[in-house]
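Enquirer: Data: upload_22.cif, mmCIF, C-alpha atoms and all ligand atoms.
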data_data
loop_
_atom_site.label_atom_id
_atom_site.label_comp_id
_atom_site.auth_asym_id
_atom_site.auth_seq_id
_atom_site.Cartn_x
_atom_site.Cartn_y
_atom_site.Cartn_z
CA MET Z 1 -9.99 -22.36 -11.93
CA SER Z 2 -9.38 -21.58 -8.28
CA GLN Z 3 -6.43 -19.53 -7.10
CA SER Z 4 -4.63 -20.09 -3.80
CA ILE Z 5 -3.24 -17.17 -1.82
CA ALA Z 6 -1.22 -16.87 1.37
CA VAL Z 7 -3.02 -14.98 4.14
CA ILE Z 8 -1.28 -13.35 7.09
CA LYS Z 9 -3.92 -12.26 9.60
CA GLY Z 10 -1.43 -10.02 11.36
CA ASP Z 11 -1.14 -8.55 14.85
CA GLY Z 12 -3.33 -6.19 16.88
CA ILE Z 13 -6.43 -5.34 14.82
CA GLY Z 14 -5.10 -7.58 11.99
CA PRO Z 15 -7.29 -10.64 12.67
CA GLU Z 16 -10.43 -8.48 13.07
CA ILE Z 17 -10.03 -6.62 9.76
CA MET Z 18 -8.82 -9.76 7.95
CA ASP Z 19 -11.88 -11.77 9.04
CA ALA Z 20 -14.10 -8.93 7.76
CA THR Z 21 -12.20 -8.83 4.46
CA LEU Z 22 -12.30 -12.59 3.87
CA ARG Z 23 -16.04 -12.55 4.60
CA VAL Z 24 -16.47 -10.04 1.78
CA LEU Z 25 -14.19 -11.97 -0.63
CA ASP Z 26 -16.20 -15.13 0.09
CA ALA Z 27 -19.49 -13.31 -0.54
CA LEU Z 28 -18.12 -12.18 -3.92
CA GLU Z 29 -17.32 -15.83 -4.80
CA CYS Z 30 -13.79 -15.01 -5.94
CA GLY Z 31 -12.80 -18.70 -5.97
CA LEU Z 32 -9.84 -18.11 -3.68
CA ASN Z 33 -8.33 -20.76 -1.39
CA TYR Z 34 -6.58 -19.36 1.66
CA GLU Z 35 -3.43 -20.76 3.24
CA PHE Z 36 -3.10 -19.05 6.60
CA ILE Z 37 0.54 -18.39 7.46
CA ASP Z 38 2.26 -16.90 10.50
CA ALA Z 39 4.29 -13.69 10.65
CA GLY Z 40 4.89 -10.96 13.22
CA LEU Z 41 4.30 -11.36 16.95
CA ALA Z 42 2.14 -14.45 16.46
CA ALA Z 43 5.04 -16.13 14.62
CA LEU Z 44 7.58 -15.00 17.20
CA GLU Z 45 5.61 -16.67 19.99
CA LYS Z 46 5.05 -19.90 18.05
CA HIS Z 47 8.26 -20.28 16.03
CA GLY Z 48 10.77 -17.91 17.68
CA THR Z 49 11.12 -15.85 14.52
CA LEU Z 50 9.10 -13.01 12.98
CA ILE Z 51 8.87 -14.71 9.57
CA PRO Z 52 9.26 -18.50 9.58
CA GLN Z 53 10.68 -20.17 6.47
CA GLU Z 54 7.33 -21.98 5.89
CA SER Z 55 5.63 -18.59 5.54
CA LEU Z 56 8.20 -17.40 2.99
CA ASP Z 57 7.81 -20.69 1.12
CA ALA Z 58 4.02 -20.29 0.96
CA ILE Z 59 4.28 -16.73 -0.42
CA GLU Z 60 6.78 -17.97 -2.98
CA LYS Z 61 4.58 -20.91 -3.95
CA TYR Z 62 1.38 -18.92 -4.50
CA GLY Z 63 2.98 -15.64 -5.59
CA ILE Z 64 0.23 -13.68 -3.83
CA ALA Z 65 -0.21 -12.71 -0.19
CA LEU Z 66 -2.89 -10.69 1.57
CA LYS Z 67 -1.36 -9.32 4.73
CA GLY Z 68 -2.76 -7.76 7.90
CA PRO Z 69 -0.58 -5.24 9.75
CA LEU Z 70 2.35 -6.65 11.71
CA THR Z 71 3.88 -5.37 14.92
CA THR Z 72 7.64 -4.99 14.85
CA PRO Z 73 8.91 -5.31 18.47
CA ILE Z 74 10.75 -2.15 19.46
CA GLY Z 75 14.30 -2.10 20.84
CA LYS Z 76 15.03 -5.83 20.57
CA GLY Z 77 17.18 -5.74 17.46
CA PHE Z 78 14.35 -6.79 15.13
CA SER Z 79 14.31 -5.20 11.70
CA SER Z 80 10.94 -4.34 10.13
CA ILE Z 81 9.17 -7.42 8.76
CA ASN Z 82 7.79 -5.38 5.90
CA VAL Z 83 11.28 -4.35 4.85
CA GLN Z 84 12.44 -7.98 5.16
CA LEU Z 85 9.62 -9.18 2.91
CA ARG Z 86 10.32 -6.44 0.38
CA ARG Z 87 14.00 -7.41 0.19
CA HIS Z 88 13.43 -11.17 0.21
CA PHE Z 89 11.01 -11.07 -2.74
CA ASP Z 90 12.51 -8.02 -4.49
CA LEU Z 91 9.12 -6.26 -4.34
CA TYR Z 92 10.25 -3.27 -6.34
CA ALA Z 93 6.96 -1.45 -6.92
CA ASN Z 94 4.96 0.05 -4.07
CA VAL Z 95 1.60 0.96 -5.55
CA ARG Z 96 -0.76 3.13 -3.51
CA PRO Z 97 -4.08 4.36 -4.88
CA ALA Z 98 -5.55 7.50 -3.28
CA ILE Z 99 -9.28 7.66 -3.96
CA SER Z 100 -11.84 10.02 -2.40
CA PHE Z 101 -14.70 8.36 -0.53
CA PRO Z 102 -17.85 10.01 0.77
CA GLY Z 103 -18.21 10.78 4.46
CA THR Z 104 -14.49 11.25 5.09
CA ARG Z 105 -12.97 14.37 6.50
CA SER Z 106 -10.85 15.62 3.61
CA ARG Z 107 -10.18 18.87 1.79
CA TYR Z 108 -11.03 17.59 -1.70
CA SER Z 109 -13.50 15.23 -3.30
CA ASP Z 110 -13.13 13.28 -6.54
CA ILE Z 111 -9.43 12.51 -6.17
CA ASP Z 112 -8.45 9.35 -8.02
CA MET Z 113 -4.71 8.89 -8.39
CA ILE Z 114 -2.01 6.26 -7.86
CA THR Z 115 1.53 6.69 -6.58
CA VAL Z 116 4.12 4.20 -7.79
CA ARG Z 117 7.18 4.25 -5.55
CA GLU Z 118 10.47 2.49 -6.25
CA ASN Z 119 10.82 0.19 -3.26
CA THR Z 120 14.29 -1.35 -3.31
CA GLU Z 121 16.98 1.30 -3.85
CA GLY Z 122 17.27 5.11 -3.62
CA ALA Z 123 17.96 6.51 -0.15
CA TYR Z 124 16.75 3.44 1.76
CA LEU Z 125 19.75 1.13 1.43
CA SER Z 126 20.59 -0.90 4.53
CA ASP Z 127 24.30 -0.89 3.64
CA GLY Z 128 24.46 2.77 2.70
CA GLN Z 129 24.22 4.17 6.24
CA GLU Z 130 27.31 5.13 8.19
CA MET Z 131 28.20 7.23 11.23
CA ILE Z 132 31.71 8.71 11.16
CA ASP Z 133 33.62 11.42 12.99
CA ASP Z 134 32.92 9.88 16.42
CA GLY Z 135 29.21 9.80 15.74
CA ASN Z 136 29.07 13.47 14.81
CA THR Z 137 28.54 12.96 11.08
CA GLY Z 138 25.92 10.75 9.44
CA ILE Z 139 26.34 9.52 5.88
CA SER Z 140 23.49 8.09 3.82
CA VAL Z 141 24.12 6.89 0.30
CA ILE Z 142 21.49 7.31 -2.44
CA LYS Z 143 21.84 4.67 -5.10
CA VAL Z 144 19.73 4.72 -8.24
CA THR Z 145 20.33 2.32 -11.10
CA ARG Z 146 19.26 2.42 -14.75
CA GLN Z 147 17.72 -1.04 -14.40
CA GLY Z 148 15.84 -0.11 -11.20
CA SER Z 149 14.56 3.13 -12.70
CA GLU Z 150 13.55 1.50 -15.94
CA ARG Z 151 11.49 -1.24 -14.33
CA ILE Z 152 9.61 1.14 -12.00
CA VAL Z 153 8.87 3.71 -14.72
CA ARG Z 154 7.78 0.97 -17.10
CA TYR Z 155 5.58 -0.47 -14.37
CA ALA Z 156 3.90 2.94 -13.97
CA PHE Z 157 3.27 3.31 -17.71
CA GLU Z 158 1.93 -0.25 -18.03
CA LEU Z 159 -0.35 0.39 -15.04
CA ALA Z 160 -1.61 3.56 -16.73
CA LYS Z 161 -2.11 1.79 -20.06
CA ASN Z 162 -3.96 -1.19 -18.59
CA ASN Z 163 -6.25 0.93 -16.43
CA GLY Z 164 -7.25 3.59 -18.93
CA ARG Z 165 -5.26 6.27 -17.16
CA LYS Z 166 -4.09 9.20 -19.21
CA LYS Z 167 -1.02 10.70 -17.62
CA VAL Z 168 2.20 9.73 -15.80
CA THR Z 169 4.10 12.32 -13.75
CA ALA Z 170 7.74 11.55 -12.88
CA VAL Z 171 8.73 13.30 -9.65
CA HIS Z 172 12.44 14.02 -9.12
CA LYS Z 173 15.07 16.44 -7.80
CA ALA Z 174 17.39 16.24 -10.81
CA ASN Z 175 18.22 19.95 -10.64
CA ILE Z 176 20.14 19.42 -7.38
CA ILE Z 177 20.78 15.66 -7.02
CA LYS Z 178 22.11 15.48 -10.56
CA THR Z 179 23.53 11.95 -10.35
CA SER Z 180 20.88 9.66 -8.87
CA SER Z 181 17.76 11.76 -9.45
CA GLY Z 182 19.18 12.90 -12.81
CA LEU Z 183 19.54 9.29 -13.94
CA PHE Z 184 15.98 8.50 -12.84
CA LEU Z 185 14.65 11.44 -14.86
CA ASP Z 186 16.69 10.56 -17.97
CA VAL Z 187 15.37 7.01 -17.86
CA ALA Z 188 11.80 8.22 -17.29
CA ARG Z 189 12.04 10.42 -20.40
CA GLU Z 190 13.35 7.49 -22.46
CA VAL Z 191 10.65 5.08 -21.31
CA ALA Z 192 7.92 7.72 -21.81
CA LYS Z 193 8.75 7.81 -25.55
CA GLU Z 194 7.55 4.20 -25.82
CA TYR Z 195 4.07 5.27 -24.63
CA PRO Z 196 3.07 8.17 -26.89
CA GLU Z 197 -0.62 7.64 -26.07
CA ILE Z 198 0.02 8.54 -22.40
CA GLU Z 199 0.84 12.12 -21.45
CA PHE Z 200 4.20 12.43 -19.69
CA GLN Z 201 4.89 15.17 -17.20
CA GLU Z 202 8.00 15.75 -15.08
CA MET Z 203 7.93 17.69 -11.84
CA ILE Z 204 10.47 18.65 -9.18
CA VAL Z 205 9.52 17.14 -5.83
CA ASP Z 206 9.07 20.38 -3.88
CA ASN Z 207 6.74 21.74 -6.56
CA ALA Z 208 4.94 18.38 -6.64
CA CYS Z 209 4.18 18.71 -2.90
CA MET Z 210 2.68 22.15 -3.43
CA GLN Z 211 0.75 21.10 -6.55
CA LEU Z 212 -0.68 18.06 -4.73
CA VAL Z 213 -2.04 20.30 -2.01
CA MET Z 214 -3.22 23.14 -4.30
CA ASN Z 215 -4.47 21.26 -7.37
CA PRO Z 216 -4.43 17.47 -6.84
CA HIS Z 217 -6.87 16.74 -9.67
CA GLN Z 218 -4.14 17.31 -12.27
CA PHE Z 219 -2.44 14.04 -11.17
CA ASP Z 220 -3.24 10.57 -12.45
CA VAL Z 221 -0.24 8.22 -11.98
CA VAL Z 222 2.83 9.53 -10.13
CA VAL Z 223 6.10 7.60 -10.35
CA THR Z 224 9.12 8.39 -8.21
CA THR Z 225 12.13 7.12 -6.28
CA ASN Z 226 12.00 5.52 -2.82
CA LEU Z 227 12.27 8.44 -0.38
CA PHE Z 228 10.11 10.87 -2.39
CA GLY Z 229 7.55 8.11 -2.92
CA ASP Z 230 7.38 7.33 0.79
CA ILE Z 231 6.59 10.95 1.59
CA LEU Z 232 4.32 11.71 -1.37
CA SER Z 233 2.18 8.59 -0.89
CA ASP Z 234 1.40 9.56 2.72
CA LEU Z 235 0.66 13.10 1.57
CA CYS Z 236 -1.81 11.61 -0.93
CA ALA Z 237 -3.39 9.45 1.81
CA GLY Z 238 -3.87 12.66 3.80
CA LEU Z 239 -5.59 14.27 0.80
CA VAL Z 240 -8.30 11.61 0.82
CA GLY Z 241 -8.89 11.44 4.56
CA GLY Z 242 -6.03 9.53 6.14
CA LEU Z 243 -4.70 6.02 6.60
CA GLY Z 244 -8.08 4.38 7.32
CA LEU Z 245 -8.71 4.28 3.57
CA ALA Z 246 -5.16 3.73 2.27
CA PRO Z 247 -4.30 0.38 0.66
CA GLY Z 248 -0.94 -0.57 -0.78
CA ALA Z 249 0.58 -3.28 -2.93
CA ASN Z 250 4.21 -4.38 -2.99
CA ILE Z 251 4.86 -5.97 -6.34
CA GLY Z 252 7.78 -7.93 -7.75
CA GLU Z 253 8.37 -10.31 -10.64
CA LYS Z 254 7.67 -13.42 -8.57
CA ALA Z 255 5.43 -12.28 -5.74
CA ALA Z 256 2.99 -9.54 -4.77
CA ILE Z 257 1.88 -8.64 -1.25
CA PHE Z 258 -1.28 -6.60 -0.64
CA GLU Z 259 -1.85 -4.78 2.64
CA ALA Z 260 -3.41 -1.87 4.48
CA VAL Z 261 -0.99 1.02 4.89
CA HIS Z 262 -1.84 1.53 8.57
CA GLY Z 263 -0.30 -0.45 11.44
CA SER Z 264 -1.64 -2.93 13.98
CA ALA Z 265 -3.34 -0.20 16.09
CA PRO Z 266 -2.70 -1.83 19.49
CA ASP Z 267 -4.70 0.94 21.20
CA ILE Z 268 -7.98 -0.34 19.73
CA ALA Z 269 -7.17 -4.04 19.19
CA GLY Z 270 -9.89 -6.40 20.43
CA GLN Z 271 -12.55 -3.68 20.57
CA LYS Z 272 -14.05 -4.57 17.18
CA ILE Z 273 -14.07 -0.94 16.08
CA ALA Z 274 -11.18 -1.09 13.57
CA ASN Z 275 -12.06 0.21 10.14
CA PRO Z 276 -11.63 -2.64 7.61
CA CYS Z 277 -11.71 -0.34 4.54
CA ALA Z 278 -7.96 -0.11 3.88
CA LEU Z 279 -7.54 -3.90 3.90
CA LEU Z 280 -10.70 -4.31 1.80
CA LEU Z 281 -9.28 -1.85 -0.74
CA ALA Z 282 -5.99 -3.79 -0.70
CA ALA Z 283 -8.01 -6.95 -1.43
CA ALA Z 284 -9.63 -5.07 -4.35
CA GLN Z 285 -6.14 -4.23 -5.66
CA MET Z 286 -5.27 -7.93 -5.35
CA LEU Z 287 -8.35 -8.89 -7.38
CA ASP Z 288 -7.32 -6.38 -10.09
CA HIS Z 289 -3.85 -7.96 -10.09
CA LEU Z 290 -5.43 -11.41 -10.52
CA GLY Z 291 -7.47 -10.16 -13.49
CA MET Z 292 -10.73 -9.97 -11.50
CA ASN Z 293 -11.15 -6.22 -12.06
CA GLU Z 294 -14.95 -6.36 -11.97
CA LYS Z 295 -14.88 -7.86 -8.50
CA GLY Z 296 -12.29 -5.28 -7.41
CA ASP Z 297 -14.58 -2.52 -8.69
CA ALA Z 298 -17.52 -4.13 -6.87
CA ILE Z 299 -15.65 -3.78 -3.55
CA ARG Z 300 -14.75 -0.13 -4.25
CA HIS Z 301 -18.31 0.77 -5.30
CA GLY Z 302 -19.73 -1.20 -2.38
CA ILE Z 303 -17.57 0.67 0.15
CA ARG Z 304 -18.77 3.94 -1.38
CA ALA Z 305 -22.40 2.83 -1.09
CA VAL Z 306 -22.02 1.71 2.55
CA LEU Z 307 -20.30 4.97 3.52
CA GLU Z 308 -23.07 6.96 1.84
CA THR Z 309 -26.13 5.09 3.01
CA ARG Z 310 -25.37 2.97 6.09
CA ARG Z 311 -23.82 5.35 8.63
CA ASP Z 312 -25.12 3.17 11.47
CA MET Z 313 -22.94 0.30 10.20
CA VAL Z 314 -19.75 2.34 9.66
CA THR Z 315 -16.89 2.34 12.23
CA PRO Z 316 -16.43 5.28 14.65
CA ASP Z 317 -13.24 6.62 12.98
CA MET Z 318 -15.45 7.39 9.95
CA GLY Z 319 -18.08 9.05 12.10
CA GLY Z 320 -20.36 6.01 12.29
CA THR Z 321 -21.77 4.05 15.21
CA GLY Z 322 -21.03 0.56 13.90
CA THR Z 323 -18.26 -2.03 14.30
CA THR Z 324 -15.79 -3.87 12.05
CA ASP Z 325 -18.36 -6.65 11.72
CA THR Z 326 -21.35 -4.44 10.93
CA PHE Z 327 -19.34 -2.73 8.19
CA ALA Z 328 -18.52 -6.12 6.64
CA GLN Z 329 -22.16 -7.17 7.03
CA ALA Z 330 -23.43 -4.01 5.29
CA LEU Z 331 -20.95 -4.51 2.46
CA VAL Z 332 -21.91 -8.17 2.04
CA GLU Z 333 -25.61 -7.22 2.01
CA HIS Z 334 -24.90 -4.61 -0.68
CA LEU Z 335 -22.81 -7.00 -2.81
CA THR Z 336 -25.29 -9.87 -2.64
CA ALA Z 337 -28.53 -7.84 -2.92
P1 LIG Z 401 -1.02 2.57 13.54
O1 LIG Z 401 -1.34 2.82 12.10
O2 LIG Z 401 -1.18 1.18 14.02
O3 LIG Z 401 -2.00 3.50 14.44
C1 LIG Z 401 -2.02 4.92 14.38
C2 LIG Z 401 -3.41 5.43 14.86
O4 LIG Z 401 -4.38 5.14 13.85
C3 LIG Z 401 -3.90 4.73 16.13
O5 LIG Z 401 -4.59 5.66 16.92
C4 LIG Z 401 -4.85 3.67 15.62
O6 LIG Z 401 -5.88 3.34 16.55
C5 LIG Z 401 -5.43 4.33 14.37
N1 LIG Z 401 -5.77 3.32 13.34
C6 LIG Z 401 -4.89 2.62 12.56
N2 LIG Z 401 -5.56 1.78 11.78
C7 LIG Z 401 -6.87 1.95 12.06
C8 LIG Z 401 -8.07 1.34 11.56
N3 LIG Z 401 -8.06 0.39 10.61
N4 LIG Z 401 -9.25 1.74 12.09
C9 LIG Z 401 -9.32 2.69 13.03
N5 LIG Z 401 -8.22 3.31 13.54
C10 LIG Z 401 -7.02 2.92 13.05
O7 LIG Z 401 0.44 3.13 13.80
P2 LIG Z 401 1.40 2.95 15.06
O8 LIG Z 401 0.59 3.05 16.33
O9 LIG Z 401 2.51 3.87 14.83
O10 LIG Z 401 1.98 1.47 14.93
C11 LIG Z 401 1.51 0.34 15.67
C12 LIG Z 401 2.29 -0.91 15.24
O11 LIG Z 401 2.02 -1.17 13.86
C13 LIG Z 401 3.82 -0.78 15.36
O12 LIG Z 401 4.31 -2.01 15.88
C14 LIG Z 401 4.30 -0.61 13.94
O13 LIG Z 401 5.58 -1.16 13.75
C15 LIG Z 401 3.26 -1.41 13.16
N6 LIG Z 401 3.08 -0.98 11.76
C16 LIG Z 401 2.88 -1.97 10.85
C17 LIG Z 401 2.63 -1.65 9.52
C18 LIG Z 401 2.41 -2.77 8.54
O14 LIG Z 401 2.45 -3.93 8.91
N7 LIG Z 401 2.17 -2.47 7.27
C19 LIG Z 401 2.55 -0.31 9.12
C20 LIG Z 401 2.72 0.69 10.09
C21 LIG Z 401 2.99 0.34 11.42
#
Go ahead and express the file in the form of structure tokens.

Expert:
Amino acid sequence: MSQSIAVIKGDGIGPEIMDATLRVLDALECGLNYEFIDAGLAALEKHGTLIPQESLDAIEKYGIALKGPLTTPIGKGFSSINVQLRRHFDLYANVRPAISFPGTRSRYSDIDMITVRENTEGAYLSDGQEMIDDGNTGISVIKVTRQGSERIVRYAFELAKNNGRKKVTAVHKANIIKTSSGLFLDVAREVAKEYPEIEFQEMIVDNACMQLVMNPHQFDVVVTTNLFGDILSDLCAGLVGGLGLAPGANIGEKAAIFEAVHGSAPDIAGQKIANPCALLLAAAQMLDHLGMNEKGDAIRHGIRAVLETRRDMVTPDMGGTGTTDTFAQALVEHLTA
């Protein structure tokens, strides 16, 4: 049975890395049909809006979108498209694997962990921001709910269970932010009892930062609230060599959007030197989500093989002398050999 997905090529380097990614998905014969939809600058020029209703309808219809990076115009009153998509589809789980790959400049090897960040509440509320006292005092509300905490912690445990992972670490600041972070920790402890086969660890966020830098191999799945997750997931990307290899999924009950963590890189757009790895790894996450785990693994193993053996085909940011297209070509050759 074939599956249809919505595809947003994106702005800047988006179309280059998306073409490379689709070439690899086609070579793997994933049986996917693509409906190309507009968003970002391309949509603004064509439809006068950053996300046309037809694009939202297509994501809703298929439930799955693969998305290139989008440029949010600065200083024109536009709010981030990514935030809009997250809110529109209630994409509550931001799931970011951090995996070591060969040939990358990083402090550690053999890191294989996933951060699961609550994506809809916490400190990132649009209506919880206020300036008072003639602009001399800023107020930001942190809102954490039992329901929001329960669904994100449960998501993390289910992810661990279904992927043979052994441990979930809940990161919090319940010792100081006793209300919101305290509630998150209480709920995490309750949910953890339902998964006795998975080790549960709790860690205060400042210690978690130090532990991630000093001894990252102790982590497997990390679950946390919005602000801490935003910071920790970038820290984890740094541990494995930066954003060029960082994929992310935004997952809700009715839709899931898979993307590279990096932006549209306008400084190198059109030069065909953008590294397609992050979007390829996001596509691998999408295949896992669709139950095609073997094909997802094939992409991850293939990237590893290309980075190890085909330096001439790898993009310059990874120390190679190749292009976006030669990387895709080397990966396709590996997957179809
Ligand atoms: P960026 O991630 O686009 O670029 C930062 C640096 O990393 C640049 O030097 C760029 O050349 C390099 N880089 C990024 N991706 C690369 C790749 N695949 N291969 C090689 N080098 C790569 O961040 P920025 O410059 O701050 O943002 C540019 C635009 O992207 C902004 O409009 C921003 O709003 C948008 N953005 C979108 C997303 C998204 O859609 N998920 C995420 C972040 C930023």

Enquirer: Would you please work out which residue, of Z:Lys67, Z:His217, Z:His334, Z:Arg117, is nearest to Z:Ile299 when using all atoms listed in the file?

Expert: Z:His334

Enquirer: Using all atoms listed in the file, what table do you get, as JSON lines, when you list each residue of chain Z with an atom no more than 7 Å from ligand LIG 401 (chain Z), its nearest pair of atoms, and their distance in Å rounded to one decimal, rows by chain then rising number?

Expert:
{"residue": "Z:Gly68", "atom": "CA", "partner": "Z:LIG401", "partner_atom": "O14", "distance": 6.5}
{"residue": "Z:Pro69", "atom": "CA", "partner": "Z:LIG401", "partner_atom": "O14", "distance": 3.4}
{"residue": "Z:Leu70", "atom": "CA", "partner": "Z:LIG401", "partner_atom": "O14", "distance": 3.9}
{"residue": "Z:Thr71", "atom": "CA", "partner": "Z:LIG401", "partner_atom": "O12", "distance": 3.5}
{"residue": "Z:Thr72", "atom": "CA", "partner": "Z:LIG401", "partner_atom": "O13", "distance": 4.5}
{"residue": "Z:Pro73", "atom": "CA", "partner": "Z:LIG401", "partner_atom": "O12", "distance": 6.2}
{"residue": "Z:Asn82", "atom": "CA", "partner": "Z:LIG401", "partner_atom": "O14", "distance": 6.3}
{"residue": "Z:Leu243", "atom": "CA", "partner": "Z:LIG401", "partner_atom": "N2", "distance": 6.7}
{"residue": "Z:Gly244", "atom": "CA", "partner": "Z:LIG401", "partner_atom": "N3", "distance": 5.2}
{"residue": "Z:Glu259", "atom": "CA", "partner": "Z:LIG401", "partner_atom": "N7", "distance": 6.6}
{"residue": "Z:Ala260", "atom": "CA", "partner": "Z:LIG401", "partner_atom": "N7", "distance": 6.3}
{"residue": "Z:Val261", "atom": "CA", "partner": "Z:LIG401", "partner_atom": "N7", "distance": 5.3}
{"residue": "Z:His262", "atom": "CA", "partner": "Z:LIG401", "partner_atom": "O1", "distance": 3.8}
{"residue": "Z:Gly263", "atom": "CA", "partner": "Z:LIG401", "partner_atom": "O2", "distance": 3.2}
{"residue": "Z:Ser264", "atom": "CA", "partner": "Z:LIG401", "partner_atom": "O11", "distance": 4.1}
{"residue": "Z:Ala265", "atom": "CA", "partner": "Z:LIG401", "partner_atom": "O2", "distance": 3.3}
{"residue": "Z:Pro266", "atom": "CA", "partner": "Z:LIG401", "partner_atom": "C11", "distance": 6.1}
{"residue": "Z:Asp267", "atom": "CA", "partner": "Z:LIG401", "partner_atom": "O6", "distance": 5.4}
{"residue": "Z:Ile268", "atom": "CA", "partner": "Z:LIG401", "partner_atom": "O6", "distance": 5.3}
{"residue": "Z:Ile273", "atom": "CA", "partner": "Z:LIG401", "partner_atom": "C9", "distance": 6.7}
{"residue": "Z:Ala274", "atom": "CA", "partner": "Z:LIG401", "partner_atom": "N4", "distance": 3.7}
{"residue": "Z:Asn275", "atom": "CA", "partner": "Z:LIG401", "partner_atom": "N4", "distance": 3.7}
{"residue": "Z:Pro276", "atom": "CA", "partner": "Z:LIG401", "partner_atom": "N3", "distance": 5.6}
{"residue": "Z:Ala278", "atom": "CA", "partner": "Z:LIG401", "partner_atom": "N3", "distance": 6.7}
{"residue": "Z:Asp317", "atom": "CA", "partner": "Z:LIG401", "partner_atom": "C9", "distance": 5.6}

Enquirer: What does the structure give for the distance between atom CA of Z:Ala282 and atom CA of Z:Ile59, in Å to one decimal?

Expert: 16.5 Å

Enquirer: Would you work out the distance separating atom CA of Z:Ala42 from atom CA of Z:Tyr92, expressed in Å to one decimal?

Expert: 26.7 Å

Enquirer: I need the residue nearest Z:Phe327 from this list: Z:Ile114, Z:Ala20, Z:Ile204, Z:Val7. Use all atoms listed in the file for the distance.

Expert: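 Ranked by minimum distance to Z:Phe327, first place goes to Z:Ala20.
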
Enquirer: Taking (16.2, 0.8, -10.8) in the file's coordinates, which residues come within 12 Å, counting all atoms listed in the file, written as an MDAnalysis selection string?

Expert: chainID Z and resid 90:93 117:122 142:155 180:181 183:185 187:188 224:226

Enquirer: From the options Z:Ala27, Z:Leu212, Z:Ala255, Z:Ala170, which residue's atoms come nearest to Z:Phe200, counting all atoms listed in the file?

Expert: Z:Ala170

Enquirer: What is the distance between atom CA of Z:Ile177 and atom CA of Z:Ile198, in Å to one decimal?

Expert: 26.8 Å

Enquirer: Box for stretch 244-257 of chain Z: with edges along x, y and z, all listed atoms inside and 5 Å added on each side, what are the centre and edge lengths in Å to one decimal, as AutoDock Vina command-line options?

Expert:
--center_x -0.2 --center_y -4.5 --center_z -1.7 --size_x 27.1 --size_y 27.8 --size_z 28.0

Enquirer: Restricting the calculation to all atoms listed in the file, which member of Z:Ile99, Z:Ala174, Z:Met113, Z:Ala39 is positioned closest to Z:His301?

Expert: Z:Ile99

Enquirer: Mind listing as a PyMOL selection string all residues within 12 Å of (-2.4, 16.8, -6.0), counting all atoms listed in the file?

Expert: chain Z and resi 98-99+107-115+169+203+205+207-222+232-240

Enquirer: Grab the residues selected above and save them as a PDB file, in the frame of the given file with C-alpha atoms.

Expert:
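Generated output (out.pdb):
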ATOM      1  CA  ALA Z  98      -5.550   7.500  -3.280  1.00  0.00           C
ATOM      2  CA  ILE Z  99      -9.280   7.660  -3.960  1.00  0.00           C
ATOM      3  CA  ARG Z 107     -10.180  18.870   1.790  1.00  0.00           C
ATOM      4  CA  TYR Z 108     -11.030  17.590  -1.700  1.00  0.00           C
ATOM      5  CA  SER Z 109     -13.500  15.230  -3.300  1.00  0.00           C
ATOM      6  CA  ASP Z 110     -13.130  13.280  -6.540  1.00  0.00           C
ATOM      7  CA  ILE Z 111      -9.430  12.510  -6.170  1.00  0.00           C
ATOM      8  CA  ASP Z 112      -8.450   9.350  -8.020  1.00  0.00           C
ATOM      9  CA  MET Z 113      -4.710   8.890  -8.390  1.00  0.00           C
ATOM     10  CA  ILE Z 114      -2.010   6.260  -7.860  1.00  0.00           C
ATOM     11  CA  THR Z 115       1.530   6.690  -6.580  1.00  0.00           C
ATOM     12  CA  THR Z 169       4.100  12.320 -13.750  1.00  0.00           C
ATOM     13  CA  MET Z 203       7.930  17.690 -11.840  1.00  0.00           C
ATOM     14  CA  VAL Z 205       9.520  17.140  -5.830  1.00  0.00           C
ATOM     15  CA  ASN Z 207       6.740  21.740  -6.560  1.00  0.00           C
ATOM     16  CA  ALA Z 208       4.940  18.380  -6.640  1.00  0.00           C
ATOM     17  CA  CYS Z 209       4.180  18.710  -2.900  1.00  0.00           C
ATOM     18  CA  MET Z 210       2.680  22.150  -3.430  1.00  0.00           C
ATOM     19  CA  GLN Z 211       0.750  21.100  -6.550  1.00  0.00           C
ATOM     20  CA  LEU Z 212      -0.680  18.060  -4.730  1.00  0.00           C
ATOM     21  CA  VAL Z 213      -2.040  20.300  -2.010  1.00  0.00           C
ATOM     22  CA  MET Z 214      -3.220  23.140  -4.300  1.00  0.00           C
ATOM     23  CA  ASN Z 215      -4.470  21.260  -7.370  1.00  0.00           C
ATOM     24  CA  PRO Z 216      -4.430  17.470  -6.840  1.00  0.00           C
ATOM     25  CA  HIS Z 217      -6.870  16.740  -9.670  1.00  0.00           C
ATOM     26  CA  GLN Z 218      -4.140  17.310 -12.270  1.00  0.00           C
ATOM     27  CA  PHE Z 219      -2.440  14.040 -11.170  1.00  0.00           C
ATOM     28  CA  ASP Z 220      -3.240  10.570 -12.450  1.00  0.00           C
ATOM     29  CA  VAL Z 221      -0.240   8.220 -11.980  1.00  0.00           C
ATOM     30  CA  VAL Z 222       2.830   9.530 -10.130  1.00  0.00           C
ATOM     31  CA  LEU Z 232       4.320  11.710  -1.370  1.00  0.00           C
ATOM     32  CA  SER Z 233       2.180   8.590  -0.890  1.00  0.00           C
ATOM     33  CA  ASP Z 234       1.400   9.560   2.720  1.00  0.00           C
ATOM     34  CA  LEU Z 235       0.660  13.100   1.570  1.00  0.00           C
ATOM     35  CA  CYS Z 236      -1.810  11.610  -0.930  1.00  0.00           C
ATOM     36  CA  ALA Z 237      -3.390   9.450   1.810  1.00  0.00           C
ATOM     37  CA  GLY Z 238      -3.870  12.660   3.800  1.00  0.00           C
ATOM     38  CA  LEU Z 239      -5.590  14.270   0.800  1.00  0.00           C
ATOM     39  CA  VAL Z 240      -8.300  11.610   0.820  1.00  0.00           C
TER      40      VAL Z 240
END
